[in-house]
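Have a look at coords_32.tsv below; it lists TSV, C-alpha atoms.
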chain	number	residue	atom	x	y	z
A	432	MET	CA	33.62	-14.52	7.65
A	433	ALA	CA	33.04	-15.77	4.11
A	434	SER	CA	32.61	-19.31	5.41
A	435	ILE	CA	29.80	-18.17	7.70
A	436	SER	CA	27.97	-16.56	4.79
A	437	SER	CA	28.57	-19.66	2.67
A	438	CYS	CA	27.20	-21.99	5.35
A	439	ASN	CA	24.22	-19.70	5.93
A	440	ARG	CA	23.48	-19.67	2.20
A	441	ASP	CA	23.63	-23.48	2.13
A	442	VAL	CA	21.01	-23.62	4.88
A	443	GLY	CA	18.79	-21.32	2.85
A	444	GLY	CA	19.07	-23.34	-0.33
A	445	GLY	CA	21.46	-20.96	-2.06
A	446	ILE	CA	20.22	-17.69	-0.54
A	447	ILE	CA	20.30	-16.10	2.90
A	448	SER	CA	16.58	-16.58	3.43
A	449	GLY	CA	14.54	-15.80	6.52
A	450	TYR	CA	14.88	-19.43	7.56
A	451	ALA	CA	18.67	-19.26	7.15
A	452	GLN	CA	18.82	-16.07	9.22
A	453	GLN	CA	16.67	-17.61	11.95
A	454	THR	CA	18.94	-20.65	12.00
A	455	LEU	CA	21.98	-18.39	12.38
A	456	LEU	CA	20.37	-16.64	15.33
A	457	ILE	CA	19.45	-19.86	17.13
A	458	LYS	CA	22.52	-21.96	16.35
A	459	CYS	CA	25.16	-19.25	16.69
A	460	PHE	CA	24.01	-16.29	18.76
A	461	ARG	CA	21.54	-17.99	21.11
A	462	ASN	CA	23.34	-21.22	21.86
A	463	GLU	CA	24.67	-21.90	25.34
A	464	VAL	CA	28.37	-21.61	24.47
A	465	TYR	CA	28.00	-18.20	22.79
A	466	MET	CA	25.79	-16.89	25.60
A	467	ARG	CA	28.47	-17.82	28.15
A	468	TYR	CA	31.54	-16.91	26.11
A	469	PRO	CA	30.57	-14.38	23.44
A	470	ALA	CA	32.98	-13.40	20.68
A	471	SER	CA	34.34	-9.87	20.47
A	472	LYS	CA	31.88	-7.12	19.60
A	473	ALA	CA	33.92	-6.10	16.56
A	474	TYR	CA	33.85	-9.64	15.14
A	475	VAL	CA	30.12	-10.14	15.72
A	476	ARG	CA	29.41	-6.70	14.27
A	477	ASN	CA	31.28	-7.61	11.08
A	478	VAL	CA	29.53	-10.99	10.81
A	479	LEU	CA	26.11	-9.38	11.15
A	480	LYS	CA	26.99	-6.60	8.70
A	481	ASN	CA	28.08	-9.18	6.12
A	482	ILE	CA	24.93	-11.28	6.57
A	483	ILE	CA	22.60	-8.27	6.46
A	484	LEU	CA	24.20	-6.70	3.38
A	485	THR	CA	24.27	-10.03	1.53
A	486	ALA	CA	20.63	-10.75	2.34
A	487	GLU	CA	19.59	-7.27	1.21
A	488	GLN	CA	21.52	-7.65	-2.04
A	489	GLU	CA	19.71	-10.94	-2.65
A	490	GLY	CA	16.35	-9.21	-2.10
A	491	GLN	CA	15.66	-11.10	1.11
A	492	GLU	CA	13.79	-9.56	4.05
A	493	VAL	CA	16.20	-9.20	6.96
A	494	LEU	CA	15.00	-10.29	10.38
A	495	ASP	CA	14.41	-7.44	12.81
A	496	ASP	CA	16.35	-9.42	15.44
A	497	LEU	CA	19.49	-9.21	13.27
A	498	TYR	CA	19.04	-5.47	12.82
A	499	ASP	CA	18.51	-5.15	16.58
A	500	MET	CA	21.70	-7.05	17.43
A	501	HIS	CA	23.72	-5.03	14.93
A	502	SER	CA	22.36	-1.74	16.29
A	503	ILE	CA	23.03	-2.63	19.93
A	504	LEU	CA	26.66	-3.51	19.15
A	505	PHE	CA	27.28	0.09	18.08
A	506	GLN	CA	26.29	1.41	21.48
A	507	THR	CA	29.26	2.29	23.64
A	508	GLU	CA	29.88	0.85	27.10
A	509	LYS	CA	29.41	4.36	28.47
A	510	GLN	CA	25.99	4.66	26.85
A	511	LEU	CA	24.89	1.25	28.11
A	512	ALA	CA	26.08	2.07	31.64
A	513	GLU	CA	23.96	5.22	31.64
A	514	ARG	CA	20.69	3.39	31.00
A	515	CYS	CA	18.25	3.16	33.90
A	516	TYR	CA	14.55	2.57	34.54
A	517	LYS	CA	11.97	5.16	35.50
A	518	THR	CA	8.47	4.35	36.70
A	519	ILE	CA	5.84	7.07	36.38
A	520	THR	CA	2.46	7.02	38.15
A	521	PHE	CA	-0.45	8.68	36.34
A	522	MET	CA	-3.68	9.86	37.96
A	523	ILE	CA	-6.08	8.57	35.34
A	524	PRO	CA	-9.57	10.11	35.03
A	525	ASP	CA	-12.22	7.70	36.32
A	526	GLU	CA	-14.11	7.68	33.01
A	527	THR	CA	-10.94	6.57	31.19
A	528	ILE	CA	-10.14	3.57	33.41
A	529	SER	CA	-12.98	1.50	31.95
A	530	ASN	CA	-11.50	2.03	28.47
A	531	LEU	CA	-8.06	0.65	29.35
A	532	THR	CA	-6.91	-2.57	27.74
A	533	CYS	CA	-4.64	-4.88	29.72
A	534	THR	CA	-3.17	-8.34	29.32
A	535	LEU	CA	-5.93	-10.49	30.75
A	536	GLY	CA	-3.72	-13.43	31.61
A	537	ASP	CA	-0.97	-11.38	33.26
A	538	GLU	CA	-1.72	-10.60	36.90
A	539	GLY	CA	1.31	-8.32	37.19
A	540	MET	CA	0.16	-6.29	34.20
A	541	LEU	CA	-3.34	-5.97	35.65
A	542	LYS	CA	-1.89	-4.57	38.84
A	543	ALA	CA	0.34	-2.17	36.88
A	544	VAL	CA	-2.68	-0.83	34.99
A	545	GLU	CA	-4.72	-0.56	38.17
A	546	ARG	CA	-1.88	1.38	39.77
A	547	LYS	CA	-1.58	3.51	36.61
A	548	LEU	CA	2.12	2.83	36.13
A	549	VAL	CA	4.42	3.11	33.14
A	550	THR	CA	8.00	1.84	33.43
A	551	LEU	CA	10.57	2.89	30.82
A	552	ARG	CA	14.24	2.25	30.20
A	553	VAL	CA	15.81	5.66	29.57
A	554	SER	CA	19.19	7.36	29.29
A	555	LEU	CA	20.64	9.54	32.03
A	556	ASN	CA	22.70	11.53	29.54
A	557	MET	CA	20.94	13.54	26.84
A	558	LEU	CA	24.26	14.80	25.44
A	559	ASP	CA	25.23	11.46	23.87
A	560	GLY	CA	22.69	11.76	21.06
A	561	ASP	CA	20.16	9.73	23.00
A	562	THR	CA	17.14	11.97	22.41
A	563	GLY	CA	15.11	8.83	21.69
A	564	TYR	CA	16.06	7.47	25.11
A	565	SER	CA	14.74	10.45	27.07
A	566	ILE	CA	11.31	11.32	28.45
A	567	TRP	CA	10.32	14.75	27.18
A	568	PRO	CA	7.65	17.06	28.67
A	569	ALA	CA	5.69	17.24	25.40
A	570	GLY	CA	5.31	13.45	25.45
A	571	LEU	CA	4.03	13.53	29.01
A	572	PHE	CA	1.55	16.29	28.15
A	573	LEU	CA	0.33	14.39	25.09
A	574	SER	CA	-0.17	11.30	27.27
A	575	GLU	CA	-2.34	13.36	29.62
A	576	PHE	CA	-4.26	14.66	26.60
A	577	PHE	CA	-5.22	11.22	25.31
A	578	LEU	CA	-5.93	9.86	28.79
A	579	TYR	CA	-8.57	12.60	29.07
A	580	TYR	CA	-9.76	12.18	25.47
A	581	PRO	CA	-9.57	8.41	24.80
A	582	GLU	CA	-12.43	8.71	22.30
A	583	LEU	CA	-10.00	10.41	19.89
A	584	VAL	CA	-8.11	7.13	19.38
A	585	LYS	CA	-10.41	4.34	20.58
A	586	GLY	CA	-11.35	2.13	17.65
A	587	TYR	CA	-9.12	3.99	15.18
A	588	SER	CA	-5.95	3.01	13.34
A	589	CYS	CA	-3.25	5.19	14.91
A	590	LEU	CA	0.35	5.99	14.04
A	591	GLU	CA	2.92	7.76	16.19
A	592	LEU	CA	5.85	9.63	14.68
A	593	GLY	CA	9.08	9.76	16.68
A	594	SER	CA	7.92	7.31	19.34
A	595	GLY	CA	11.16	7.47	21.35
A	596	THR	CA	10.92	5.72	24.72
A	597	GLY	CA	7.25	4.89	24.16
A	598	ILE	CA	5.70	7.04	26.90
A	599	CYS	CA	2.75	7.88	24.61
A	600	GLY	CA	2.86	4.50	22.87
A	601	VAL	CA	2.27	2.57	26.08
A	602	TRP	CA	-0.86	4.55	26.91
A	603	LEU	CA	-2.11	4.49	23.33
A	604	SER	CA	-1.71	0.70	23.41
A	605	ARG	CA	-3.96	0.62	26.46
A	606	LEU	CA	-6.64	2.89	24.98
A	607	SER	CA	-8.12	0.34	22.56
A	608	CYS	CA	-6.87	1.62	19.20
A	609	SER	CA	-7.95	-0.77	16.45
A	610	LYS	CA	-4.30	-0.76	15.37
A	611	LEU	CA	-1.23	1.13	16.56
A	612	VAL	CA	2.02	1.63	14.63
A	613	LEU	CA	4.90	3.19	16.56
A	614	THR	CA	7.68	4.59	14.38
A	615	ASP	CA	11.12	6.09	14.78
A	616	GLY	CA	14.06	6.71	12.49
A	617	SER	CA	16.68	5.20	14.79
A	618	LEU	CA	17.06	1.43	14.95
A	619	SER	CA	18.64	1.59	18.41
A	620	THR	CA	15.68	3.66	19.62
A	621	LEU	CA	13.30	1.05	18.18
A	622	VAL	CA	15.17	-1.69	20.07
A	623	ASN	CA	14.67	0.23	23.31
A	624	LEU	CA	11.04	1.00	22.40
A	625	ARG	CA	10.33	-2.67	21.87
A	626	HIS	CA	11.92	-3.44	25.25
A	627	ASN	CA	9.74	-0.82	26.95
A	628	LEU	CA	6.58	-2.19	25.34
A	629	SER	CA	7.54	-5.65	26.56
A	630	ILE	CA	8.12	-4.68	30.21
A	631	ASN	CA	4.76	-2.90	30.23
A	632	GLY	CA	2.94	-6.05	29.17
A	633	ILE	CA	2.41	-5.12	25.54
A	634	LEU	CA	3.72	-8.38	24.21
A	635	GLN	CA	6.13	-8.41	21.29
A	636	PRO	CA	6.93	-11.78	19.69
A	637	SER	CA	10.38	-12.49	18.27
A	638	GLY	CA	10.68	-13.34	14.60
A	639	GLU	CA	10.60	-11.49	11.32
A	640	ASN	CA	8.62	-8.48	12.50
A	641	PHE	CA	7.25	-6.67	15.53
A	642	HIS	CA	3.60	-7.17	14.63
A	643	THR	CA	1.43	-8.49	17.44
A	644	THR	CA	-1.76	-10.32	16.57
A	645	GLN	CA	-4.80	-10.03	18.78
A	646	ASP	CA	-5.98	-13.02	20.77
A	647	VAL	CA	-7.60	-13.76	24.11
A	648	ASN	CA	-4.39	-13.30	26.08
A	649	ASN	CA	-3.06	-10.42	24.03
A	650	PRO	CA	-5.67	-7.80	23.11
A	651	PHE	CA	-3.08	-5.39	21.68
A	652	ASN	CA	-2.46	-4.85	17.99
A	653	VAL	CA	0.87	-3.00	18.00
A	654	GLU	CA	3.66	-2.77	15.47
A	655	CYS	CA	7.06	-1.02	15.63
A	656	ARG	CA	8.50	0.19	12.34
A	657	GLN	CA	11.38	2.30	11.18
A	658	LEU	CA	10.28	5.39	9.28
A	659	LEU	CA	12.91	7.59	7.67
A	660	TRP	CA	11.27	10.93	6.89
A	661	GLU	CA	13.81	11.95	4.25
A	662	THR	CA	13.33	8.84	2.08
A	663	ALA	CA	9.76	7.71	2.81
A	664	THR	CA	7.58	7.19	-0.28
A	665	GLN	CA	3.86	7.86	-0.59
A	666	GLU	CA	3.34	4.12	-1.02
A	667	GLU	CA	5.05	3.51	2.33
A	668	LEU	CA	2.94	6.19	4.04
A	669	ASP	CA	-0.27	4.79	2.54
A	670	SER	CA	0.62	1.33	3.85
A	671	PHE	CA	0.09	2.55	7.43
A	672	ASN	CA	-3.57	3.31	6.66
A	673	ALA	CA	-3.53	5.67	9.65
A	674	GLU	CA	-6.62	7.57	10.73
A	675	VAL	CA	-5.02	9.38	13.67
A	676	ILE	CA	-1.39	10.55	13.67
A	677	ILE	CA	0.32	11.43	16.94
A	678	GLY	CA	3.65	13.05	17.71
A	679	ALA	CA	5.54	14.98	20.39
A	680	ASP	CA	8.41	17.42	19.89
A	681	LEU	CA	8.68	16.87	16.14
A	682	ILE	CA	8.95	20.38	14.72
A	683	TYR	CA	12.67	20.86	15.38
A	684	ASP	CA	13.12	20.43	11.60
A	685	PRO	CA	9.87	21.16	9.72
A	686	THR	CA	11.40	20.57	6.27
A	687	PRO	CA	11.15	16.74	6.25
A	688	LEU	CA	8.25	16.63	8.74
A	689	VAL	CA	5.62	18.58	6.82
A	690	PRO	CA	5.77	16.41	3.65
A	691	ILE	CA	5.39	13.33	5.88
A	692	LEU	CA	2.32	14.84	7.54
A	693	ALA	CA	0.88	15.87	4.18
A	694	GLY	CA	1.32	12.33	2.87
A	695	LEU	CA	-0.18	10.66	5.94
A	696	LEU	CA	-3.13	13.07	6.10
A	697	ARG	CA	-4.27	12.63	2.48
A	698	PRO	CA	-7.99	11.75	2.32
A	699	LYS	CA	-8.57	8.01	2.05
A	700	ARG	CA	-11.35	5.87	0.69
A	701	ASN	CA	-13.54	4.85	3.62
A	702	SER	CA	-13.62	1.08	4.03
A	703	LYS	CA	-15.21	1.05	7.50
A	704	GLY	CA	-18.57	2.57	6.73
A	705	SER	CA	-18.04	5.71	8.82
A	706	SER	CA	-15.54	8.51	8.91
A	707	ASN	CA	-13.40	9.30	11.90
A	708	CYS	CA	-13.35	12.43	14.02
A	709	SER	CA	-10.82	14.16	11.80
A	710	GLN	CA	-13.45	16.22	10.04
A	711	VAL	CA	-14.41	17.95	13.26
A	712	THR	CA	-13.48	21.62	13.16
A	713	GLN	CA	-12.99	24.01	16.05
A	714	ASP	CA	-16.56	25.32	15.60
A	715	GLU	CA	-17.95	21.79	15.89
A	716	LEU	CA	-16.47	21.18	19.32
A	717	THR	CA	-19.13	20.94	22.03
A	718	ILE	CA	-18.48	21.87	25.61
A	719	ASN	CA	-20.13	20.09	28.52
A	720	SER	CA	-21.89	22.13	31.17
A	721	SER	CA	-19.64	24.07	33.51
A	722	THR	CA	-18.31	22.41	36.62
A	723	GLU	CA	-19.43	23.38	40.09
A	724	ASN	CA	-16.44	25.69	40.38
A	725	GLY	CA	-17.43	27.52	37.24
A	726	GLU	CA	-14.60	26.00	35.20
A	727	VAL	CA	-15.15	24.90	31.63
A	728	GLY	CA	-16.04	21.21	31.40
A	729	LYS	CA	-14.62	18.61	29.06
A	730	VAL	CA	-14.55	19.46	25.36
A	731	LEU	CA	-15.85	16.60	23.25
A	732	PRO	CA	-15.54	16.23	19.46
A	733	GLU	CA	-18.74	15.46	17.65
A	734	LYS	CA	-18.75	12.35	15.53
A	735	SER	CA	-17.92	13.01	11.91
A	736	LYS	CA	-20.70	12.70	9.38
A	737	GLY	CA	-18.39	12.08	6.42
A	738	ASP	CA	-18.10	14.10	3.26
A	739	GLY	CA	-20.70	12.20	1.28
A	740	ASN	CA	-18.11	10.79	-1.10
A	741	GLY	CA	-16.94	7.89	1.02
A	742	LEU	CA	-13.71	9.62	2.07
A	743	ILE	CA	-12.17	9.87	5.50
A	744	TYR	CA	-9.87	12.69	6.51
A	745	PRO	CA	-7.12	11.62	8.92
A	746	VAL	CA	-6.14	14.00	11.70
A	747	ALA	CA	-2.86	14.65	13.51
A	748	TYR	CA	-2.42	15.74	17.13
A	749	LEU	CA	1.06	17.16	17.73
A	750	ALA	CA	2.45	18.39	21.04
A	751	GLN	CA	5.54	20.56	21.13
A	752	ALA	CA	7.47	22.49	23.74
A	753	ILE	CA	8.02	25.95	22.26
A	754	ARG	CA	11.77	26.44	22.54
A	755	ASN	CA	12.20	28.51	19.39
A	756	VAL	CA	9.36	30.74	18.16
A	757	THR	CA	10.99	31.09	14.74
A	758	THR	CA	10.92	27.31	14.24
A	759	LEU	CA	7.24	27.19	15.23
A	760	GLU	CA	6.41	29.99	12.81
A	761	LEU	CA	8.25	28.17	10.01
A	762	PHE	CA	6.32	24.98	10.77
A	763	ILE	CA	2.97	26.81	10.71
A	764	SER	CA	3.90	28.52	7.43
A	765	MET	CA	4.94	25.25	5.77
A	766	VAL	CA	1.76	23.50	6.98
A	767	SER	CA	-0.33	26.26	5.41
A	768	ARG	CA	1.59	26.10	2.10
A	769	ALA	CA	0.98	22.34	2.02
A	770	GLY	CA	-2.77	23.01	2.03
A	771	LEU	CA	-3.25	21.73	5.57
A	772	GLU	CA	-5.24	23.39	8.31
A	773	LEU	CA	-3.73	23.86	11.78
A	774	ILE	CA	-5.67	24.63	14.96
A	775	ASP	CA	-4.16	25.22	18.40
A	776	VAL	CA	-6.39	23.22	20.76
A	777	THR	CA	-4.23	23.62	23.88
A	778	ASP	CA	-6.63	25.94	25.68
A	779	THR	CA	-9.97	24.65	24.39
A	780	MET	CA	-9.10	21.00	25.06
A	781	LYS	CA	-6.67	21.39	27.95
A	782	PRO	CA	-6.54	18.13	29.93
A	783	PRO	CA	-6.47	17.99	33.73
A	784	LYS	CA	-3.16	17.20	35.37
A	785	CYS	CA	-2.51	13.46	35.50
A	786	LEU	CA	1.03	14.09	36.77
A	787	PRO	CA	0.59	16.77	39.45
A	788	ASP	CA	3.72	15.95	41.44
A	789	LEU	CA	6.27	15.27	38.71
A	790	ASP	CA	9.34	17.44	39.23
A	791	GLY	CA	10.45	19.63	36.34
A	792	PHE	CA	7.28	19.11	34.28
A	793	ASP	CA	6.36	22.58	32.99
A	794	ARG	CA	3.19	22.60	30.88
A	795	SER	CA	3.19	26.36	30.29
A	796	GLN	CA	5.40	26.22	27.16
A	797	ILE	CA	3.73	23.20	25.53
A	798	ARG	CA	1.13	23.54	22.78
A	799	ILE	CA	-1.04	20.92	21.11
A	800	HIS	CA	-1.92	21.45	17.46
A	801	LYS	CA	-4.51	19.63	15.44
A	802	VAL	CA	-3.55	19.31	11.76
A	803	PHE	CA	-5.75	18.04	8.92
A	804	TYR	CA	-6.86	18.63	5.35
A	805	PRO	CA	-10.07	20.68	5.06
A	806	SER	CA	-12.92	18.51	3.77
A	807	SER	CA	-14.11	21.17	1.36
Starting from the file, give its structure as structure tokens.
Amino acid sequence: MASISSCNRDVGGGIISGYAQQTLLIKCFRNEVYMRYPASKAYVRNVLKNIILTAEQEGQEVLDDLYDMHSILFQTEKQLAERCYKTITFMIPDETISNLTCTLGDEGMLKAVERKLVTLRVSLNMLDGDTGYSIWPAGLFLSEFFLYYPELVKGYSCLELGSGTGICGVWLSRLSCSKLVLTDGSLSTLVNLRHNLSINGILQPSGENFHTTQDVNNPFNVECRQLLWETATQEELDSFNAEVIIGADLIYDPTPLVPILAGLLRPKRNSKGSSNCSQVTQDELTINSSTENGEVGKVLPEKSKGDGNGLIYPVAYLAQAIRNVTTLELFISMVSRAGLELIDVTDTMKPPKCLPDLDGFDRSQIRIHKVFYPSS
């Protein structure tokens, strides 16, 4: 074990640098012999732990691929055996289809978008602590919400909290956000999230980070990052530069969540020349003319006019299945004490059903809340 660290340090010129880590990955873990005849999981786990800890102690940035390998090795054979794929077909509103982004050079991806499909690797067993490997109703409802209201995210820098399997993240990636950061606290969940983004044509390069640059063949700008609510600093939250924050089923523990929201929603200096839609209040929502059946038409947010001081006010859209009223009341109380405003937009902005035939999908207990700092 020590000899491996010593050799790796020699490659890096005395430190376990990014180049040394990349060399270890290619020469040891991706060579033909290892791929055919891998060492025991316990041994590889110890090697990776030693390399990662040493690199961190030396102040070196650790490759995400090393973290990924280390995380996967902690998954049990039972957990791995209970993974499967689910493909969900959405009925996308006609006006939204023209806003979808797809991989221009990938014929298979084009067909998937045209057929309105999302394929995800999930867990069959929610009792093994795999909440991040499951598709939850609130995430499905939030996906429907943004498919009906793509203007809420199109052109904006967006961040999702608790991204899980990526059911919302896949659709957000296709709705032309200027930038999208998908976060989760679990490294193993992030590994699975990255896999799900990849199989849906949202390309993720290997290397030192998950960031995807935009080019002709890859119009997405998506990044996966670990975000630990309990230890996140304001500097870390500011680095996301998020204008729209998204999340589903997050209020199970409001204590760490509300400070994260408060930090992400702080007013920011406007560098784009116009503010986003976060300053829209419930009174500023406009409703289209009624449909032929007398039903209320689509609710559209007016464009923000800014506060006159060059500040933008980020907004959060949070969907949650109400399983415990006491928890919801605690969340609302903590949001108010943090100086934030919360509006329930479930009824006024209720999206049409994009998943009319999905078994077990009960929308009746799901609410969508809009959270933001008042601009005055």
Using all atoms listed in the file, which residues sit within 8 Å of stretch 599-609 of chain A once same-chain residues fewer than 6 positions away are excluded, as an mmCIF file with C-alpha atoms, in the coordinates of the input?
data_model
loop_
_atom_site.group_PDB
_atom_site.id
_atom_site.type_symbol
_atom_site.label_atom_id
_atom_site.label_comp_id
_atom_site.auth_asym_id
_atom_site.auth_seq_id
_atom_site.Cartn_x
_atom_site.Cartn_y
_atom_site.Cartn_z
ATOM 1 C CA ASN A 530 -11.500 2.030 28.470
ATOM 2 C CA LEU A 531 -8.060 0.650 29.350
ATOM 3 C CA THR A 532 -6.910 -2.570 27.740
ATOM 4 C CA CYS A 533 -4.640 -4.880 29.720
ATOM 5 C CA VAL A 549 4.420 3.110 33.140
ATOM 6 C CA GLY A 570 5.310 13.450 25.450
ATOM 7 C CA LEU A 571 4.030 13.530 29.010
ATOM 8 C CA LEU A 573 0.330 14.390 25.090
ATOM 9 C CA SER A 574 -0.170 11.300 27.270
ATOM 10 C CA PHE A 577 -5.220 11.220 25.310
ATOM 11 C CA LEU A 578 -5.930 9.860 28.790
ATOM 12 C CA PRO A 581 -9.570 8.410 24.800
ATOM 13 C CA VAL A 584 -8.110 7.130 19.380
ATOM 14 C CA LYS A 585 -10.410 4.340 20.580
ATOM 15 C CA GLY A 586 -11.350 2.130 17.650
ATOM 16 C CA TYR A 587 -9.120 3.990 15.180
ATOM 17 C CA SER A 588 -5.950 3.010 13.340
ATOM 18 C CA CYS A 589 -3.250 5.190 14.910
ATOM 19 C CA GLU A 591 2.920 7.760 16.190
ATOM 20 C CA LEU A 628 6.580 -2.190 25.340
ATOM 21 C CA ASN A 631 4.760 -2.900 30.230
ATOM 22 C CA ILE A 633 2.410 -5.120 25.540
ATOM 23 C CA PHE A 651 -3.080 -5.390 21.680
ATOM 24 C CA ASN A 652 -2.460 -4.850 17.990
ATOM 25 C CA VAL A 653 0.870 -3.000 18.000
#
### Shell of 12 Å around A:Tyr474, only C-alpha atoms, local chain residues under 5 positions omitted, as a ChimeraX atom specification
/A:432,469,479-481,501,504
### Query
So how many Å separate atom CA of A:Ala693 and atom CA of A:Val622, to one decimal?
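One can read the atom CA of A:Ala693 to atom CA of A:Val622 distance as 27.7 Å.
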### Task
Compile the contact shell of A:Ser554 as an MDAnalysis selection string: residues with an atom at most 7 Å away, counting all atoms listed in the file, same-chain residues fewer than 4 positions apart removed.
chainID A and resid 513:515 561 564:565
### Query
Which residue out of A:Lys472, A:Arg700, A:His800, A:Lys784 has the minimum interatomic distance to A:Leu759 when all atoms listed in the file are used?
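Among A:Lys472, A:Arg700, A:His800, A:Lys784, it is A:His800 that comes nearest to A:Leu759.
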### Proximity to A:Tyr804 - best of A:Leu611, A:Ala451, A:Val756, A:Leu696, only C-alpha atoms
A:Leu696
### Task
Mind giving me the straight-line distance from atom CA of A:Asp680 to atom CA of A:Leu742 in Å, one decimal?
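It comes out at 29.5 Å.
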### Task
Excluding A:Ser594 and residues on its chain fewer than 5 positions from it, collect all residues at most 6 Å away from it, counting all atoms listed in the file, and give them as a PyMOL selection string.
chain A and resi 613-615
### Task
Choose the residue, out of A:Ser619, A:Ser767, A:Asn627, A:Asn755, that has the smallest atom-to-atom separation from A:Pro690; count only C-alpha atoms.
A:Ser767
### Task
Give me, please, the distance in Å between atom CA of A:Leu590 and atom CA of A:Ala673, quoted to one decimal.
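Distance between the two atoms: 5.9 Å.
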### Query
For A:Leu761, which of A:Ile682, A:Ile691, A:Ile523, A:Val776 is the closest residue, counting all atoms listed in the file?
A:Ile682
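The closest residue to A:Val689, picked from A:Asp778, A:Asp525, A:Asp499, A:Glu772 and counting only C-alpha atoms, is A:Glu772.
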